[in-house]
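Q: Here it is, the structure in full.
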Amino acid sequence: MNFKYYNQNQTVLFPYSFNDLIPDNHPVRIVNDILERINIEPLLKAYSREGNPSYHPVMMLKVMVYAYMNNIYSSRKIEKAL
């Protein structure tokens with residue numbers, strides 16, 4: 001049988017916003033602000049329109065820049081940091 005999920009122990013009605021969870025002075029905000037301003041048109045042209053949808057290139061670039069900024073190079077450690 002297929003039932004909709006419910007959780008009696010849910011403490012909030014809506015999930016938290018990332019802006020609520022990240023302090024104002026956190027370095028990830030600087031990475032976000034800078035990379036939101038750059039022109040990524042050449043990067044977007046490299047992506048194929050076929051196949052499954054991929055993660056947005058700007059989001060992935062932000063992840064990689066932030067990880068490298070913190071000397072994290074392992075994909076498993078990057079995942080854990082996120």
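Each chain in the structure tokens gets a letter, A, B, ..., in the order shown, and its residues are numbered from 1; ligands are numbered from 1 in order too.
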Residues within 10 Å of Tyr66 (chain A), please, as a list of chain:residue names. Count only C-alpha atoms; anything in the same chain fewer than 5 positions from it doesn't count.

A: A:Pro27, A:Val28, A:Arg29, A:Ile30, A:Val31, A:Asn32, A:Met60, A:Leu61, A:Asn71, A:Ile72, A:Ile78, A:Ala81, A:Leu82

Q: Pick out the residues sitting within 12 Å of Pro57 (chain A), and hand them over as number ranges by chain; count only C-alpha atoms, and ignore anything fewer than 6 positions along from it in its own chain.

A: A: 35-36, 39-47, 63-64

Q: Create the file for the chosen residues now, containing N, CA, C and O atoms and written as a PDB file, in the first residue's frame.

A:
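Output file part-v5.pdb is given in full below:
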ATOM      1  N   LEU A  35      30.408  34.604  -6.717  1.00  0.00           N
ATOM      2  CA  LEU A  35      30.079  33.724  -7.830  1.00  0.00           C
ATOM      3  C   LEU A  35      28.717  34.016  -8.441  1.00  0.00           C
ATOM      4  O   LEU A  35      28.465  33.640  -9.583  1.00  0.00           O
ATOM      5  N   GLU A  36      27.856  34.679  -7.725  1.00  0.00           N
ATOM      6  CA  GLU A  36      26.574  35.093  -8.308  1.00  0.00           C
ATOM      7  C   GLU A  36      26.764  36.233  -9.305  1.00  0.00           C
ATOM      8  O   GLU A  36      25.912  36.459 -10.152  1.00  0.00           O
ATOM      9  N   ASN A  39      29.991  35.965 -14.972  1.00  0.00           N
ATOM     10  CA  ASN A  39      29.322  35.500 -16.176  1.00  0.00           C
ATOM     11  C   ASN A  39      29.728  34.041 -16.413  1.00  0.00           C
ATOM     12  O   ASN A  39      30.892  33.744 -16.665  1.00  0.00           O
ATOM     13  N   ILE A  40      28.762  33.142 -16.343  1.00  0.00           N
ATOM     14  CA  ILE A  40      29.060  31.728 -16.533  1.00  0.00           C
ATOM     15  C   ILE A  40      28.541  31.219 -17.883  1.00  0.00           C
ATOM     16  O   ILE A  40      28.428  30.013 -18.081  1.00  0.00           O
ATOM     17  N   GLU A  41      28.246  32.117 -18.778  1.00  0.00           N
ATOM     18  CA  GLU A  41      27.710  31.723 -20.080  1.00  0.00           C
ATOM     19  C   GLU A  41      28.582  30.687 -20.788  1.00  0.00           C
ATOM     20  O   GLU A  41      28.059  29.695 -21.303  1.00  0.00           O
ATOM     21  N   PRO A  42      29.922  30.843 -20.830  1.00  0.00           N
ATOM     22  CA  PRO A  42      30.756  29.801 -21.462  1.00  0.00           C
ATOM     23  C   PRO A  42      30.617  28.432 -20.771  1.00  0.00           C
ATOM     24  O   PRO A  42      30.642  27.395 -21.426  1.00  0.00           O
ATOM     25  N   LEU A  43      30.467  28.444 -19.471  1.00  0.00           N
ATOM     26  CA  LEU A  43      30.288  27.201 -18.736  1.00  0.00           C
ATOM     27  C   LEU A  43      28.954  26.550 -19.080  1.00  0.00           C
ATOM     28  O   LEU A  43      28.864  25.342 -19.273  1.00  0.00           O
ATOM     29  N   LEU A  44      27.909  27.339 -19.187  1.00  0.00           N
ATOM     30  CA  LEU A  44      26.591  26.809 -19.516  1.00  0.00           C
ATOM     31  C   LEU A  44      26.557  26.196 -20.907  1.00  0.00           C
ATOM     32  O   LEU A  44      25.850  25.213 -21.146  1.00  0.00           O
ATOM     33  N   LYS A  45      27.306  26.756 -21.836  1.00  0.00           N
ATOM     34  CA  LYS A  45      27.342  26.230 -23.205  1.00  0.00           C
ATOM     35  C   LYS A  45      27.977  24.845 -23.275  1.00  0.00           C
ATOM     36  O   LYS A  45      27.723  24.087 -24.206  1.00  0.00           O
ATOM     37  N   ALA A  46      28.793  24.501 -22.294  1.00  0.00           N
ATOM     38  CA  ALA A  46      29.465  23.204 -22.277  1.00  0.00           C
ATOM     39  C   ALA A  46      28.517  22.073 -21.868  1.00  0.00           C
ATOM     40  O   ALA A  46      28.819  20.910 -22.107  1.00  0.00           O
ATOM     41  N   TYR A  47      27.380  22.400 -21.289  1.00  0.00           N
ATOM     42  CA  TYR A  47      26.440  21.378 -20.822  1.00  0.00           C
ATOM     43  C   TYR A  47      25.528  20.924 -21.951  1.00  0.00           C
ATOM     44  O   TYR A  47      25.072  21.721 -22.768  1.00  0.00           O
ATOM     45  N   VAL A  63      30.314  25.096  -4.505  1.00  0.00           N
ATOM     46  CA  VAL A  63      30.733  23.988  -3.650  1.00  0.00           C
ATOM     47  C   VAL A  63      32.233  23.771  -3.771  1.00  0.00           C
ATOM     48  O   VAL A  63      32.954  23.648  -2.770  1.00  0.00           O
ATOM     49  N   MET A  64      32.716  23.733  -5.017  1.00  0.00           N
ATOM     50  CA  MET A  64      34.136  23.458  -5.239  1.00  0.00           C
ATOM     51  C   MET A  64      35.031  24.590  -4.721  1.00  0.00           C
ATOM     52  O   MET A  64      36.059  24.341  -4.092  1.00  0.00           O
TER      53      MET A  64
END

Q: Report the residues of region 4-46 of chain A whose backbone DSSP state falls under helix (DSSP H, G or I), written as a list of chain:residue names.

A: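 The helix (DSSP H, G or I) residues within region 4-46 of chain A come out as A:Phe18, A:Asn19, A:Asp20, A:Leu21, A:Pro27, A:Val28, A:Arg29, A:Ile30, A:Val31, A:Asn32, A:Asp33, A:Ile34, A:Leu35, A:Glu36, A:Arg37, A:Glu41, A:Pro42, A:Leu43, A:Leu44, A:Lys45.
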
Q: At what distance in Å, to one decimal, does CA of Asp20 (chain A) lie from CA of Glu79 (chain A)?

A: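 That distance, rounded to one decimal, is 20.8 Å.
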
Q: Using only C-alpha atoms, which residue out of A:Val58, A:Tyr16, A:Lys77, A:Asn7 lies closest to Arg37 (chain A)?

A: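 Residue with the minimum atom-to-atom distance to Arg37 (chain A): A:Val58.
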
Q: I'd like the interatomic distance between CA of Tyr5 (chain A) and CA of Leu21 (chain A), to a tenth of an Å.

A: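 Separation between CA of Tyr5 (chain A) and CA of Leu21 (chain A): 25.2 Å.
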